[in-house]
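Below you'll find the structure, written out as structure tokens, and then a few comments.
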Amino acid sequence: MPDSDLLIVFILGGVFILLGGGVLLWGKSEEKDYYKAISTHSDVREYIEHTPERPEPRGLKTGGFIAIFLGLFLLILGGVFWLSQ
């Protein structure tokens, strides 16, 4: 059983992975809703070409990936320290 300091690192890693996954799904749904709404308009050039890109969904998805990678890093770091004890 890891000590309390390493347990905190494991918990933080898990929280970052869960938050990252949630934000990633949120970004994908925002992008889908936006393009679904714009496809009903008469000018669908933006829908077809995806230009200009909307920064909000892309930022959410990027933040989700960063949080997942940070969570994985924390889990690996905690595992390395736990095994080195």
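Each chain in the structure tokens gets a letter, A, B, ..., in the order shown, and its residues are numbered from 1; ligands are numbered from 1 in order too.
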request  = Write out as a VMD selection string each polymer residue whose atoms come within 8 Å of stretch 59-76 of chain A, counting only C-alpha atoms; drop sequence neighbours fewer than 2 positions from it.
outcome  = chain A and resid 9 to 10 12 to 28 55 to 57 78 to 80
Mind dumping the selected residues with C-alpha atoms as a CSV table (one decimal), in the first residue's frame?
```csv
chain,number,residue,atom,x,y,z
A,9,VAL,CA,-0.3,11.6,-6.6
A,10,PHE,CA,-2.4,8.5,-7.8
A,12,LEU,CA,-4.6,13.5,-8.7
A,13,GLY,CA,-3.7,11.4,-11.8
A,14,GLY,CA,-7.0,9.7,-11.8
A,15,VAL,CA,-8.9,13.0,-11.4
A,16,PHE,CA,-7.0,14.5,-14.3
A,17,ILE,CA,-7.8,11.6,-16.5
A,18,LEU,CA,-11.5,11.7,-15.6
A,19,LEU,CA,-11.6,15.5,-16.1
A,20,GLY,CA,-9.7,15.3,-19.3
A,21,GLY,CA,-12.1,12.7,-20.7
A,22,GLY,CA,-15.1,14.7,-19.7
A,23,VAL,CA,-13.7,17.9,-21.3
A,24,LEU,CA,-12.8,15.9,-24.4
A,25,LEU,CA,-16.3,14.6,-24.7
A,26,TRP,CA,-17.7,18.1,-24.1
A,27,GLY,CA,-15.6,19.6,-26.9
A,28,LYS,CA,-16.7,16.9,-29.3
A,55,PRO,CA,-11.7,27.9,-31.2
A,56,GLU,CA,-14.0,26.8,-28.4
A,57,PRO,CA,-14.4,23.1,-29.3
A,78,GLY,CA,3.5,7.7,-8.6
A,79,GLY,CA,4.1,4.1,-9.8
A,80,VAL,CA,7.8,4.7,-10.2
```
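Distance check against A:Leu77 using only C-alpha atoms: of A:Glu30, A:Ile8, A:Ala37, A:Arg58, the minimum falls on A:Ile8.
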inquiry  = Using DSSP assignments from the backbone, pull out every residue in stretch 51-85 of chain A that falls under alpha helix (DSSP H) and give it to me as an MDAnalysis selection string.
reply    = chainID A and resid 55:83
Given the selection you just returned, output its residues as a file containing N, CA and C atoms, formatted as a PDB file, in the first residue's frame.
```pdb
ATOM      1  N   PRO A  55     -12.772  28.183 -32.229  1.00  0.00           N
ATOM      2  CA  PRO A  55     -11.719  27.914 -31.238  1.00  0.00           C
ATOM      3  C   PRO A  55     -12.226  27.206 -29.985  1.00  0.00           C
ATOM      4  N   GLU A  56     -13.494  27.369 -29.645  1.00  0.00           N
ATOM      5  CA  GLU A  56     -13.980  26.801 -28.385  1.00  0.00           C
ATOM      6  C   GLU A  56     -13.924  25.274 -28.361  1.00  0.00           C
ATOM      7  N   PRO A  57     -14.517  24.560 -29.334  1.00  0.00           N
ATOM      8  CA  PRO A  57     -14.440  23.096 -29.277  1.00  0.00           C
ATOM      9  C   PRO A  57     -13.015  22.583 -29.409  1.00  0.00           C
ATOM     10  N   ARG A  58     -12.231  23.218 -30.258  1.00  0.00           N
ATOM     11  CA  ARG A  58     -10.846  22.771 -30.422  1.00  0.00           C
ATOM     12  C   ARG A  58     -10.051  23.002 -29.141  1.00  0.00           C
ATOM     13  N   GLY A  59     -10.309  24.117 -28.460  1.00  0.00           N
ATOM     14  CA  GLY A  59      -9.640  24.386 -27.190  1.00  0.00           C
ATOM     15  C   GLY A  59     -10.051  23.407 -26.110  1.00  0.00           C
ATOM     16  N   LEU A  60     -11.331  23.038 -26.089  1.00  0.00           N
ATOM     17  CA  LEU A  60     -11.789  22.047 -25.121  1.00  0.00           C
ATOM     18  C   LEU A  60     -11.142  20.691 -25.375  1.00  0.00           C
ATOM     19  N   LYS A  61     -11.071  20.295 -26.641  1.00  0.00           N
ATOM     20  CA  LYS A  61     -10.473  19.003 -26.955  1.00  0.00           C
ATOM     21  C   LYS A  61      -8.974  19.003 -26.647  1.00  0.00           C
ATOM     22  N   THR A  62      -8.292  20.097 -26.950  1.00  0.00           N
ATOM     23  CA  THR A  62      -6.867  20.187 -26.638  1.00  0.00           C
ATOM     24  C   THR A  62      -6.634  20.147 -25.134  1.00  0.00           C
ATOM     25  N   GLY A  63      -7.447  20.868 -24.382  1.00  0.00           N
ATOM     26  CA  GLY A  63      -7.330  20.832 -22.924  1.00  0.00           C
ATOM     27  C   GLY A  63      -7.610  19.449 -22.366  1.00  0.00           C
ATOM     28  N   GLY A  64      -8.532  18.740 -22.969  1.00  0.00           N
ATOM     29  CA  GLY A  64      -8.825  17.374 -22.541  1.00  0.00           C
ATOM     30  C   GLY A  64      -7.639  16.445 -22.752  1.00  0.00           C
ATOM     31  N   PHE A  65      -6.996  16.562 -23.924  1.00  0.00           N
ATOM     32  CA  PHE A  65      -5.818  15.740 -24.183  1.00  0.00           C
ATOM     33  C   PHE A  65      -4.684  16.067 -23.219  1.00  0.00           C
ATOM     34  N   ILE A  66      -4.487  17.348 -22.951  1.00  0.00           N
ATOM     35  CA  ILE A  66      -3.434  17.751 -22.020  1.00  0.00           C
ATOM     36  C   ILE A  66      -3.708  17.189 -20.630  1.00  0.00           C
ATOM     37  N   ALA A  67      -4.953  17.270 -20.179  1.00  0.00           N
ATOM     38  CA  ALA A  67      -5.295  16.759 -18.853  1.00  0.00           C
ATOM     39  C   ALA A  67      -5.114  15.241 -18.780  1.00  0.00           C
ATOM     40  N   ILE A  68      -5.472  14.528 -19.841  1.00  0.00           N
ATOM     41  CA  ILE A  68      -5.294  13.075 -19.851  1.00  0.00           C
ATOM     42  C   ILE A  68      -3.811  12.725 -19.798  1.00  0.00           C
ATOM     43  N   PHE A  69      -2.991  13.406 -20.595  1.00  0.00           N
ATOM     44  CA  PHE A  69      -1.556  13.120 -20.576  1.00  0.00           C
ATOM     45  C   PHE A  69      -0.933  13.473 -19.230  1.00  0.00           C
ATOM     46  N   LEU A  70      -1.379  14.566 -18.623  1.00  0.00           N
ATOM     47  CA  LEU A  70      -0.877  14.934 -17.304  1.00  0.00           C
ATOM     48  C   LEU A  70      -1.284  13.890 -16.265  1.00  0.00           C
ATOM     49  N   GLY A  71      -2.508  13.399 -16.350  1.00  0.00           N
ATOM     50  CA  GLY A  71      -2.963  12.354 -15.435  1.00  0.00           C
ATOM     51  C   GLY A  71      -2.178  11.067 -15.596  1.00  0.00           C
ATOM     52  N   LEU A  72      -1.924  10.682 -16.850  1.00  0.00           N
ATOM     53  CA  LEU A  72      -1.114   9.489 -17.087  1.00  0.00           C
ATOM     54  C   LEU A  72       0.303   9.671 -16.549  1.00  0.00           C
ATOM     55  N   PHE A  73       0.866  10.855 -16.742  1.00  0.00           N
ATOM     56  CA  PHE A  73       2.204  11.145 -16.219  1.00  0.00           C
ATOM     57  C   PHE A  73       2.228  11.022 -14.700  1.00  0.00           C
ATOM     58  N   LEU A  74       1.211  11.564 -14.036  1.00  0.00           N
ATOM     59  CA  LEU A  74       1.164  11.473 -12.578  1.00  0.00           C
ATOM     60  C   LEU A  74       1.022  10.031 -12.107  1.00  0.00           C
ATOM     61  N   LEU A  75       0.214   9.249 -12.803  1.00  0.00           N
ATOM     62  CA  LEU A  75       0.079   7.839 -12.431  1.00  0.00           C
ATOM     63  C   LEU A  75       1.393   7.082 -12.625  1.00  0.00           C
ATOM     64  N   ILE A  76       2.070   7.333 -13.724  1.00  0.00           N
ATOM     65  CA  ILE A  76       3.356   6.671 -13.962  1.00  0.00           C
ATOM     66  C   ILE A  76       4.391   7.129 -12.935  1.00  0.00           C
ATOM     67  N   LEU A  77       4.416   8.421 -12.644  1.00  0.00           N
ATOM     68  CA  LEU A  77       5.357   8.952 -11.657  1.00  0.00           C
ATOM     69  C   LEU A  77       5.098   8.357 -10.277  1.00  0.00           C
ATOM     70  N   GLY A  78       3.838   8.269  -9.898  1.00  0.00           N
ATOM     71  CA  GLY A  78       3.496   7.655  -8.625  1.00  0.00           C
ATOM     72  C   GLY A  78       3.894   6.190  -8.572  1.00  0.00           C
ATOM     73  N   GLY A  79       3.697   5.493  -9.695  1.00  0.00           N
ATOM     74  CA  GLY A  79       4.082   4.086  -9.756  1.00  0.00           C
ATOM     75  C   GLY A  79       5.590   3.894  -9.647  1.00  0.00           C
ATOM     76  N   VAL A  80       6.343   4.777 -10.286  1.00  0.00           N
ATOM     77  CA  VAL A  80       7.798   4.679 -10.209  1.00  0.00           C
ATOM     78  C   VAL A  80       8.279   4.916  -8.791  1.00  0.00           C
ATOM     79  N   PHE A  81       7.737   5.941  -8.127  1.00  0.00           N
ATOM     80  CA  PHE A  81       8.139   6.211  -6.751  1.00  0.00           C
ATOM     81  C   PHE A  81       7.702   5.109  -5.788  1.00  0.00           C
ATOM     82  N   TRP A  82       6.534   4.527  -6.064  1.00  0.00           N
ATOM     83  CA  TRP A  82       6.039   3.456  -5.211  1.00  0.00           C
ATOM     84  C   TRP A  82       6.921   2.213  -5.323  1.00  0.00           C
ATOM     85  N   LEU A  83       7.328   1.901  -6.563  1.00  0.00           N
ATOM     86  CA  LEU A  83       8.172   0.739  -6.774  1.00  0.00           C
ATOM     87  C   LEU A  83       9.604   0.951  -6.270  1.00  0.00           C
TER      88      LEU A  83
END
```
